[in-house]
Each structure stands twice: as C-alpha cells, then as structure tokens.
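Listing of model.cif, mmCIF, C-alpha atoms and all ligand atoms
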```cif
data_work
#
loop_
_atom_site.group_PDB
_atom_site.id
_atom_site.type_symbol
_atom_site.label_atom_id
_atom_site.label_comp_id
_atom_site.auth_asym_id
_atom_site.auth_seq_id
_atom_site.Cartn_x
_atom_site.Cartn_y
_atom_site.Cartn_z
ATOM 1 C CA ARG H 159 -2.369 -19.519 -12.830
ATOM 2 C CA PRO H 160 0.705 -18.493 -10.888
ATOM 3 C CA GLY H 161 0.058 -16.230 -7.947
ATOM 4 C CA ALA H 162 -0.262 -16.092 -4.180
ATOM 5 C CA GLU H 163 -3.615 -17.857 -3.997
ATOM 6 C CA GLU H 164 -2.377 -21.247 -2.843
ATOM 7 C CA TRP H 165 -0.397 -19.689 0.021
ATOM 8 C CA VAL H 166 -3.219 -17.522 1.366
ATOM 9 C CA PRO H 167 -5.098 -19.287 4.192
ATOM 10 C CA ALA H 168 -8.881 -19.142 3.699
ATOM 11 C CA SER H 169 -10.947 -16.776 5.871
ATOM 12 C CA ALA H 170 -7.974 -16.054 8.084
ATOM 13 C CA ARG H 171 -7.430 -13.207 10.495
ATOM 14 C CA VAL H 172 -4.732 -10.644 9.828
ATOM 15 C CA ASP H 173 -2.233 -12.171 12.295
ATOM 16 C CA LYS H 174 -2.544 -15.543 10.543
ATOM 17 C CA LEU H 175 -2.094 -13.920 7.124
ATOM 18 C CA ALA H 176 0.955 -12.020 8.355
ATOM 19 C CA GLN H 177 2.586 -15.318 9.332
ATOM 20 C CA ALA H 178 1.619 -17.191 6.198
ATOM 21 C CA VAL H 179 2.965 -14.533 3.831
ATOM 22 C CA HIS H 180 6.538 -15.550 4.664
ATOM 23 C CA ASP H 181 6.042 -18.855 2.841
ATOM 24 C CA CYS H 182 4.575 -17.268 -0.286
ATOM 25 C CA ARG H 183 6.189 -18.226 -3.578
ATOM 26 C CA GLY H 184 3.475 -16.706 -5.732
ATOM 27 C CA CYS H 185 5.975 -14.824 -7.878
ATOM 28 C CA GLU H 186 9.760 -14.571 -8.069
ATOM 29 C CA LEU H 187 10.099 -11.450 -5.897
ATOM 30 C CA TRP H 188 10.521 -13.411 -2.658
ATOM 31 C CA GLY H 189 13.968 -14.648 -3.788
ATOM 32 C CA PRO H 190 16.176 -11.535 -3.652
ATOM 33 C CA ALA H 191 14.182 -9.790 -0.891
ATOM 34 C CA THR H 192 15.120 -10.044 2.789
ATOM 35 C CA GLN H 193 11.592 -10.877 3.910
ATOM 36 C CA ALA H 194 7.944 -10.313 3.117
ATOM 37 C CA VAL H 195 6.558 -7.115 4.591
ATOM 38 C CA PHE H 196 2.935 -7.310 5.620
ATOM 39 C CA SER H 197 0.866 -4.669 7.392
ATOM 40 C CA SER H 198 0.649 -2.517 10.474
ATOM 41 C CA GLY H 199 -2.300 -1.076 12.334
ATOM 42 C CA PRO H 200 -5.489 -2.387 13.923
ATOM 43 C CA ASP H 201 -7.252 -5.292 12.195
ATOM 44 C CA ASP H 202 -10.636 -3.591 12.590
ATOM 45 C CA ALA H 203 -9.638 -0.203 11.161
ATOM 46 C CA ALA H 204 -12.216 1.895 9.298
ATOM 47 C CA VAL H 205 -9.534 3.156 6.922
ATOM 48 C CA VAL H 206 -7.050 0.965 5.056
ATOM 49 C CA LEU H 207 -4.117 2.581 3.238
ATOM 50 C CA VAL H 208 -2.514 0.615 0.427
ATOM 51 C CA GLY H 209 0.954 1.530 -0.823
ATOM 52 C CA GLU H 210 3.002 0.070 -3.667
ATOM 53 C CA GLN H 211 5.643 -2.247 -2.215
ATOM 54 C CA PRO H 212 8.135 -2.193 0.652
ATOM 55 C CA GLY H 213 11.216 -0.032 0.134
ATOM 56 C CA ASP H 214 14.796 -0.682 1.163
ATOM 57 C CA ARG H 215 14.231 0.173 4.849
ATOM 58 C CA GLU H 216 10.947 -1.685 5.013
ATOM 59 C CA ASP H 217 12.547 -4.781 3.477
ATOM 60 C CA ARG H 218 15.251 -4.801 6.159
ATOM 61 C CA GLU H 219 12.962 -3.996 9.080
ATOM 62 C CA GLY H 220 9.940 -6.025 8.038
ATOM 63 C CA GLU H 221 7.520 -3.142 8.633
ATOM 64 C CA PRO H 222 5.604 -1.089 6.070
ATOM 65 C CA PHE H 223 6.169 2.674 5.696
ATOM 66 C CA VAL H 224 9.105 3.024 8.086
ATOM 67 C CA GLY H 225 11.347 4.756 5.500
ATOM 68 C CA PRO H 226 11.299 8.283 4.034
ATOM 69 C CA ALA H 227 7.904 7.841 2.321
ATOM 70 C CA GLY H 228 6.499 6.718 5.661
ATOM 71 C CA ARG H 229 7.577 10.008 7.237
ATOM 72 C CA VAL H 230 5.731 11.975 4.550
ATOM 73 C CA LEU H 231 2.675 9.775 5.035
ATOM 74 C CA ALA H 232 2.727 10.232 8.822
ATOM 75 C CA GLU H 233 2.835 14.023 8.429
ATOM 76 C CA ALA H 234 0.033 13.973 5.859
ATOM 77 C CA LEU H 235 -2.149 11.766 8.069
ATOM 78 C CA GLU H 236 -1.671 14.115 10.982
ATOM 79 C CA ALA H 237 -2.508 17.144 8.838
ATOM 80 C CA ALA H 238 -5.645 15.355 7.622
ATOM 81 C CA GLY H 239 -6.753 14.646 11.189
ATOM 82 C CA LEU H 240 -6.331 10.888 10.851
ATOM 83 C CA ASP H 241 -4.772 9.070 13.789
ATOM 84 C CA ALA H 242 -1.844 7.065 12.390
ATOM 85 C CA GLU H 243 -2.455 4.447 15.102
ATOM 86 C CA GLN H 244 -6.012 3.929 13.917
ATOM 87 C CA VAL H 245 -5.366 3.196 10.249
ATOM 88 C CA TYR H 246 -4.352 -0.132 8.747
ATOM 89 C CA VAL H 247 -1.390 0.206 6.406
ATOM 90 C CA THR H 248 -0.297 -2.347 3.829
ATOM 91 C CA ASN H 249 1.168 -2.655 0.330
ATOM 92 C CA ALA H 250 -0.111 -4.008 -2.977
ATOM 93 C CA VAL H 251 3.041 -6.115 -3.354
ATOM 94 C CA LYS H 252 4.583 -7.663 -0.244
ATOM 95 C CA HIS H 253 8.186 -8.171 -1.383
ATOM 96 C CA PHE H 254 10.703 -5.437 -2.269
ATOM 97 C CA ARG H 255 11.605 -5.340 -5.967
ATOM 98 C CA PHE H 256 14.944 -3.701 -6.694
ATOM 99 C CA THR H 257 17.972 -3.570 -8.938
ATOM 100 C CA GLU H 258 21.470 -3.570 -7.496
ATOM 101 C CA ARG H 259 23.868 -0.705 -8.216
ATOM 102 C CA GLY H 260 27.047 -1.564 -6.400
ATOM 103 C CA LYS H 261 26.060 -1.717 -2.753
ATOM 104 C CA ARG H 262 22.806 0.168 -3.275
ATOM 105 C CA ARG H 263 19.468 -1.430 -3.932
ATOM 106 C CA LEU H 264 17.322 0.790 -6.112
ATOM 107 C CA HIS H 265 13.561 0.532 -6.048
ATOM 108 C CA LYS H 266 12.086 -1.007 -9.182
ATOM 109 C CA LYS H 267 8.390 -0.636 -9.876
ATOM 110 C CA PRO H 268 6.490 -3.915 -9.727
ATOM 111 C CA ASP H 269 5.098 -5.226 -13.023
ATOM 112 C CA VAL H 270 1.406 -5.809 -13.560
ATOM 113 C CA ALA H 271 2.162 -9.547 -13.239
ATOM 114 C CA HIS H 272 3.535 -8.988 -9.711
ATOM 115 C CA ILE H 273 0.506 -6.920 -8.728
ATOM 116 C CA ARG H 274 -1.822 -9.644 -10.003
ATOM 117 C CA ALA H 275 0.188 -12.400 -8.330
ATOM 118 C CA CYS H 276 0.106 -10.635 -4.963
ATOM 119 C CA VAL H 277 -3.479 -9.370 -4.937
ATOM 120 C CA PRO H 278 -4.930 -12.429 -3.106
ATOM 121 C CA TRP H 279 -3.102 -11.197 0.024
ATOM 122 C CA LEU H 280 -4.710 -7.776 -0.231
ATOM 123 C CA GLU H 281 -8.127 -9.307 -0.875
ATOM 124 C CA ALA H 282 -7.724 -11.510 2.192
ATOM 125 C CA GLU H 283 -6.704 -8.493 4.280
ATOM 126 C CA LEU H 284 -9.725 -6.495 3.143
ATOM 127 C CA SER H 285 -12.027 -9.432 3.955
ATOM 128 C CA ALA H 286 -10.508 -9.665 7.432
ATOM 129 C CA VAL H 287 -10.422 -5.943 8.245
ATOM 130 C CA ARG H 288 -13.647 -4.946 6.475
ATOM 131 C CA PRO H 289 -12.830 -1.213 6.306
ATOM 132 C CA ARG H 290 -15.260 1.491 5.281
ATOM 133 C CA VAL H 291 -12.711 3.181 3.025
ATOM 134 C CA VAL H 292 -9.633 1.979 1.173
ATOM 135 C CA VAL H 293 -7.103 4.613 0.124
ATOM 136 C CA ALA H 294 -4.957 3.604 -2.825
ATOM 137 C CA LEU H 295 -1.635 5.434 -2.661
ATOM 138 C CA GLY H 296 -0.413 5.673 -6.257
ATOM 139 C CA ALA H 297 -1.017 3.811 -9.507
ATOM 140 C CA THR H 298 0.189 0.370 -8.395
ATOM 141 C CA ALA H 299 -2.097 0.378 -5.373
ATOM 142 C CA ALA H 300 -4.991 1.703 -7.454
ATOM 143 C CA ARG H 301 -4.569 -1.125 -9.941
ATOM 144 C CA ALA H 302 -4.496 -3.681 -7.152
ATOM 145 C CA VAL H 303 -7.537 -2.220 -5.379
ATOM 146 C CA LEU H 304 -9.688 -1.471 -8.431
ATOM 147 C CA GLY H 305 -8.419 -4.214 -10.749
ATOM 148 C CA HIS H 306 -7.714 -1.928 -13.678
ATOM 149 C CA GLU H 307 -5.359 0.829 -14.749
ATOM 150 C CA VAL H 308 -6.052 4.196 -13.129
ATOM 151 C CA ARG H 309 -4.836 7.664 -14.058
ATOM 152 C CA ILE H 310 -4.166 9.221 -10.679
ATOM 153 C CA GLY H 311 -4.506 12.793 -11.958
ATOM 154 C CA ALA H 312 -7.979 12.113 -13.333
ATOM 155 C CA GLU H 313 -9.377 10.036 -10.470
ATOM 156 C CA ARG H 314 -7.707 11.306 -7.330
ATOM 157 C CA GLY H 315 -9.733 12.638 -4.456
ATOM 158 C CA GLN H 316 -13.088 11.234 -5.564
ATOM 159 C CA VAL H 317 -15.022 8.792 -3.443
ATOM 160 C CA LEU H 318 -15.506 5.743 -5.647
ATOM 161 C CA ASP H 319 -18.341 3.599 -4.326
ATOM 162 C CA GLY H 320 -17.577 -0.081 -3.997
ATOM 163 C CA GLU H 321 -19.715 -3.012 -2.942
ATOM 164 C CA THR H 322 -18.088 -3.506 0.432
ATOM 165 C CA HIS H 323 -16.101 -0.293 0.872
ATOM 166 C CA ASP H 324 -15.461 3.053 -0.779
ATOM 167 C CA VAL H 325 -12.176 3.740 -2.528
ATOM 168 C CA VAL H 326 -10.210 6.979 -2.676
ATOM 169 C CA VAL H 327 -7.244 7.177 -5.020
ATOM 170 C CA THR H 328 -4.378 9.552 -4.351
ATOM 171 C CA THR H 329 -0.683 9.894 -5.031
ATOM 172 C CA HIS H 330 2.024 7.805 -3.355
ATOM 173 C CA PRO H 331 3.921 9.793 -0.710
ATOM 174 C CA SER H 332 7.233 8.732 -2.297
ATOM 175 C CA ALA H 333 6.312 10.885 -5.331
ATOM 176 C CA LEU H 334 6.712 13.920 -3.071
ATOM 177 C CA LEU H 335 10.260 12.948 -2.198
ATOM 178 C CA ARG H 336 11.297 13.533 -5.793
ATOM 179 C CA LEU H 337 10.093 17.162 -5.770
ATOM 180 C CA ARG H 338 13.048 19.463 -5.365
ATOM 181 C CA ASP H 339 11.523 22.889 -4.780
ATOM 182 C CA ARG H 340 9.467 23.806 -1.761
ATOM 183 C CA ALA H 341 6.532 25.269 -3.639
ATOM 184 C CA SER H 342 5.802 22.094 -5.609
ATOM 185 C CA TYR H 343 6.355 19.970 -2.510
ATOM 186 C CA GLY H 344 3.907 22.135 -0.576
ATOM 187 C CA ALA H 345 1.263 21.967 -3.281
ATOM 188 C CA GLU H 346 1.542 18.176 -3.630
ATOM 189 C CA PHE H 347 1.545 17.723 0.132
ATOM 190 C CA ASP H 348 -1.635 19.792 0.442
ATOM 191 C CA ALA H 349 -3.283 17.751 -2.320
ATOM 192 C CA LEU H 350 -2.380 14.500 -0.548
ATOM 193 C CA VAL H 351 -3.771 15.845 2.722
ATOM 194 C CA ALA H 352 -6.999 16.920 0.986
ATOM 195 C CA ASP H 353 -7.460 13.410 -0.450
ATOM 196 C CA LEU H 354 -6.820 11.823 2.945
ATOM 197 C CA ARG H 355 -9.360 14.180 4.474
ATOM 198 C CA THR H 356 -11.897 13.073 1.867
ATOM 199 C CA ALA H 357 -11.217 9.469 2.880
ATOM 200 C CA ALA H 358 -11.563 10.328 6.572
ATOM 201 C CA ASP H 359 -14.923 12.012 5.933
ATOM 202 C CA ALA H 360 -16.143 9.022 3.902
ATOM 203 C CA ALA H 361 -15.195 6.697 6.761
ATOM 204 C CA ALA H 362 -16.873 8.803 9.456
HETATM 205 FE FE1 LIG N 1 4.039 -13.824 -2.874
HETATM 206 FE FE2 LIG N 1 3.481 -11.257 -3.255
HETATM 207 FE FE3 LIG N 1 5.887 -11.959 -2.422
HETATM 208 FE FE4 LIG N 1 5.163 -12.459 -4.921
HETATM 209 S S1 LIG N 1 5.425 -10.427 -3.971
HETATM 210 S S2 LIG N 1 6.182 -13.905 -3.511
HETATM 211 S S3 LIG N 1 2.999 -12.949 -4.653
HETATM 212 S S4 LIG N 1 3.992 -12.233 -1.293
#
```
Structure rendered as structure tokens:
Amino acid sequence: RPGAEEWVPASARVDKLAQAVHDCRGCELWGPATQAVFSSGPDDAAVVLVGEQPGDREDREGEPFVGPAGRVLAEALEAAGLDAEQVYVTNAVKHFRFTERGKRRLHKKPDVAHIRACVPWLEAELSAVRPRVVVALGATAARAVLGHEVRIGAERGQVLDGETHDVVVTTHPSALLRLRDRASYGAEFDALVADLRTAADAAA
C-alpha cells in the first residue's frame, strides 16, 4: 500500500527519523510543501502532543507550532502547569496541505488517506520516545493516534488507557483562533487547559 512505511528507518531514534522524513514520498503532499516538518522537544518526554499538520509558518520555518496556534498552545501549556520545554510536540501529517488563493496559502485539512499514509512516522516517534501520555490535539490527531474516527466533544478530557501509553483527546488550539468573542474564547481556552492538566496528572 502507498504510505510512509518504506521511508521510515526501523527502530530509529528521533534525530534519525527527523532526517529521514525529508526523503519521504509516502503521499503527494511533499510536492507543493517547502519542507517536511518533524518534531520539537526532548526525545524522552513523558508527554507527547500531536497536532494536525504544519501551518504556513511552520512549513516555511521547518518547526512545529511556531505560528498563531503555537502561541495559544504555549499559553495553555503554561496555564496547565506543563513545561513547554519538557513536552515532545509533533503532527499527525508532516507536510503542509494548502490551496493557493493569489499569494496566500490557505490551510486545507488532510484527508484520511494522508493521515494513514503518514502514520508510520508517528508510530516510529512513539516507539522512540515511549511517553506515558499522548495528547491528541483535534480530530486529525485523534484519528492518527487511535486509528479510528473520534468525536472530540464526546471523548475529550478522558484518560483512554492504551497498551503502551494513555491517550487524552482535546481540541486543536487553532480552533480557538476562529472564535471571535472573548467569552467563547475564554471558555474554550479553559477547557483546553483542563484537558492538558488531565494529561499532566496521568503522566505524573
Ligand atoms: Fe510522507 Fe507524511 Fe509527507 Fe506524505 S505527508 S510525503 S506520508 S511525510
């Protein structure tokens, strides 16, 4: 089947994976993107955060969560008492998917086929890092981590026991950026922080 598998080095450490990802041709998303964006954070972290895919800024800079959603995430981590330097951050899909509108590149949600194609990278990362808790930020990440469709509203904030690590599902910080009024932003921010706190407690 098509997918990243043949480009993922077996039993490799994170630094090796982060190099190898640049050669991946597991789906067509590598073509229009600037570069693959892998992870940041310590390779022995107790908590792994999984986002959806790199955004416009991330694609240009080659680092995950350096754009507006990353700012929201950093604030939420701090409010939850999690040290941003101590968590490992990655994405379900490693290349930026977008549509062009004039000079702008607009985020386009990855298809299930892209998530499936890219999941061998995430599996290799989890085998290398061996976290206690994986936090899936949003529906794309939840599908990649759990292998099936997840309704965030129904499952968020619970500690789902896994064989090798627990999983906590929550919303993607970019969802907060679309909220226009302060009250809804505040409520969603607090809910994200509460879920991150649950993950922190599960990892402790
Ligand atoms: Fe490979 Fe994932 Fe990039 Fe597709 S999105 S080319 S599977 S790294």
Write as a list of chain:residue names the residues around ligand LIG 1 (chain N), taking 8 Å as the cut-off and counting all atoms listed in the file. H:Gly161, H:Ala162, H:Trp165, H:Val179, H:His180, H:Asp181, H:Cys182, H:Arg183, H:Gly184, H:Cys185, H:Glu186, H:Leu187, H:Trp188, H:Gly189, H:Ala194, H:Val251, H:Lys252, H:His253, H:Phe254, H:His272, H:Ile273, H:Arg274, H:Ala275, H:Cys276, H:Val277, H:Trp279
How close does each residue of region 232-309 of chain H get to region 337-353 of chain H, giving the shortest atom pair and distance in Å to one decimal for every residue with an atom at most 7 Å away, counting all atoms listed in the file, sorted by chain and residue number, as a Markdown table?
```
| residue | atom | partner | partner_atom | distance |
| --- | --- | --- | --- | --- |
| H:Ala234 | CA | H:Val351 | CA | 5.3 |
| H:Leu235 | CA | H:Val351 | CA | 6.9 |
| H:Ala237 | CA | H:Val351 | CA | 6.4 |
| H:Ala238 | CA | H:Val351 | CA | 5.3 |
```
As JSON, please: the centre and edge lengths in Å, to one decimal, of an axis-aligned box enclosing every listed atom of region 267-279 of chain H with 3 Å added on each side.
```
{"center_x": 1.7, "center_y": -6.5, "center_z": -6.8, "size_x": 19.3, "size_y": 17.8, "size_z": 19.6}
```
Report as number ranges by chain the full result of the PyMOL selection byres (((chain H and resi 208) around 6) and not hetatm) when it is applied to this structure. H: 207, 209, 248-249, 294-295, 299
Which distance in Å separates CA of Arg171 (chain H) and CA of Val247 (chain H), to one decimal?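 Between CA of Arg171 (chain H) and CA of Val247 (chain H) the gap is 15.3 Å.
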d(CA of Glu258 (chain H), CA of Glu221 (chain H)) in Å: 21.3 Å
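Using all atoms listed in the file for every distance, the candidate list H:Val325, H:Ala360, H:Val303, H:Val292 yields H:Val303 as the residue closest to Pro278 (chain H).
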Please rebuild region 194-225 of chain H with N, CA and C atoms and give the result as a short mmCIF file (atom, residue, chain, number, x, y, z; two decimals), in the coordinates of the input.
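Final output, saved to out_38.cif:
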```cif
data_model
loop_
_atom_site.label_atom_id
_atom_site.label_comp_id
_atom_site.auth_asym_id
_atom_site.auth_seq_id
_atom_site.Cartn_x
_atom_site.Cartn_y
_atom_site.Cartn_z
N ALA H 194 9.22 -10.92 3.49
CA ALA H 194 7.94 -10.31 3.12
C ALA H 194 7.62 -9.24 4.14
N VAL H 195 7.01 -8.17 3.68
CA VAL H 195 6.56 -7.12 4.59
C VAL H 195 5.05 -7.06 4.51
N PHE H 196 4.39 -7.29 5.65
CA PHE H 196 2.94 -7.31 5.62
C PHE H 196 2.39 -5.95 6.07
N SER H 197 1.60 -5.89 7.08
CA SER H 197 0.87 -4.67 7.39
C SER H 197 1.20 -4.15 8.77
N SER H 198 0.65 -2.98 9.09
CA SER H 198 0.65 -2.52 10.47
C SER H 198 -0.70 -1.85 10.73
N GLY H 199 -1.04 -1.74 11.97
CA GLY H 199 -2.30 -1.08 12.33
C GLY H 199 -3.36 -2.06 12.77
N PRO H 200 -4.45 -1.54 13.35
CA PRO H 200 -5.49 -2.39 13.92
C PRO H 200 -6.24 -3.19 12.85
N ASP H 201 -6.61 -4.43 13.19
CA ASP H 201 -7.25 -5.29 12.20
C ASP H 201 -8.76 -5.05 12.10
N ASP H 202 -9.23 -3.97 12.76
CA ASP H 202 -10.64 -3.59 12.59
C ASP H 202 -10.74 -2.11 12.19
N ALA H 203 -9.70 -1.63 11.52
CA ALA H 203 -9.64 -0.20 11.16
C ALA H 203 -10.73 0.17 10.16
N ALA H 204 -11.22 1.40 10.27
CA ALA H 204 -12.22 1.90 9.30
C ALA H 204 -11.55 2.33 8.01
N VAL H 205 -10.27 2.69 8.10
CA VAL H 205 -9.53 3.16 6.92
C VAL H 205 -8.32 2.26 6.69
N VAL H 206 -8.22 1.74 5.47
CA VAL H 206 -7.05 0.96 5.06
C VAL H 206 -6.28 1.77 4.01
N LEU H 207 -4.98 1.91 4.22
CA LEU H 207 -4.12 2.58 3.24
C LEU H 207 -3.29 1.52 2.53
N VAL H 208 -3.28 1.58 1.21
CA VAL H 208 -2.51 0.62 0.43
C VAL H 208 -1.42 1.34 -0.34
N GLY H 209 -0.17 0.96 -0.10
CA GLY H 209 0.95 1.53 -0.82
C GLY H 209 1.35 0.63 -1.99
N GLU H 210 2.55 0.84 -2.50
CA GLU H 210 3.00 0.07 -3.67
C GLU H 210 3.69 -1.22 -3.25
N GLN H 211 4.84 -1.10 -2.65
CA GLN H 211 5.64 -2.25 -2.22
C GLN H 211 6.59 -1.75 -1.13
N PRO H 212 7.17 -2.67 -0.35
CA PRO H 212 8.14 -2.19 0.65
C PRO H 212 9.35 -1.58 -0.03
N GLY H 213 9.97 -0.61 0.62
CA GLY H 213 11.22 -0.03 0.13
C GLY H 213 12.40 -0.70 0.82
N ASP H 214 13.56 -0.12 0.62
CA ASP H 214 14.80 -0.68 1.16
C ASP H 214 14.74 -0.84 2.69
N ARG H 215 14.33 0.23 3.38
CA ARG H 215 14.23 0.17 4.85
C ARG H 215 13.20 -0.84 5.31
N GLU H 216 12.04 -0.80 4.64
CA GLU H 216 10.95 -1.68 5.01
C GLU H 216 11.37 -3.15 4.85
N ASP H 217 12.08 -3.42 3.76
CA ASP H 217 12.55 -4.78 3.48
C ASP H 217 13.47 -5.28 4.59
N ARG H 218 14.32 -4.39 5.10
CA ARG H 218 15.25 -4.80 6.16
C ARG H 218 14.55 -4.93 7.49
N GLU H 219 13.60 -4.02 7.75
CA GLU H 219 12.96 -4.00 9.08
C GLU H 219 11.70 -4.84 9.17
N GLY H 220 11.13 -5.18 8.02
CA GLY H 220 9.94 -6.02 8.04
C GLY H 220 8.66 -5.29 8.38
N GLU H 221 8.69 -3.96 8.31
CA GLU H 221 7.52 -3.14 8.63
C GLU H 221 7.22 -2.21 7.47
N PRO H 222 5.92 -2.00 7.18
CA PRO H 222 5.60 -1.09 6.07
C PRO H 222 5.77 0.38 6.48
N PHE H 223 6.13 1.22 5.53
CA PHE H 223 6.17 2.67 5.70
C PHE H 223 7.02 3.14 6.88
N VAL H 224 8.19 2.55 7.04
CA VAL H 224 9.10 3.02 8.09
C VAL H 224 10.25 3.87 7.49
N GLY H 225 10.30 3.97 6.16
CA GLY H 225 11.35 4.76 5.50
C GLY H 225 10.90 6.18 5.23
#
```
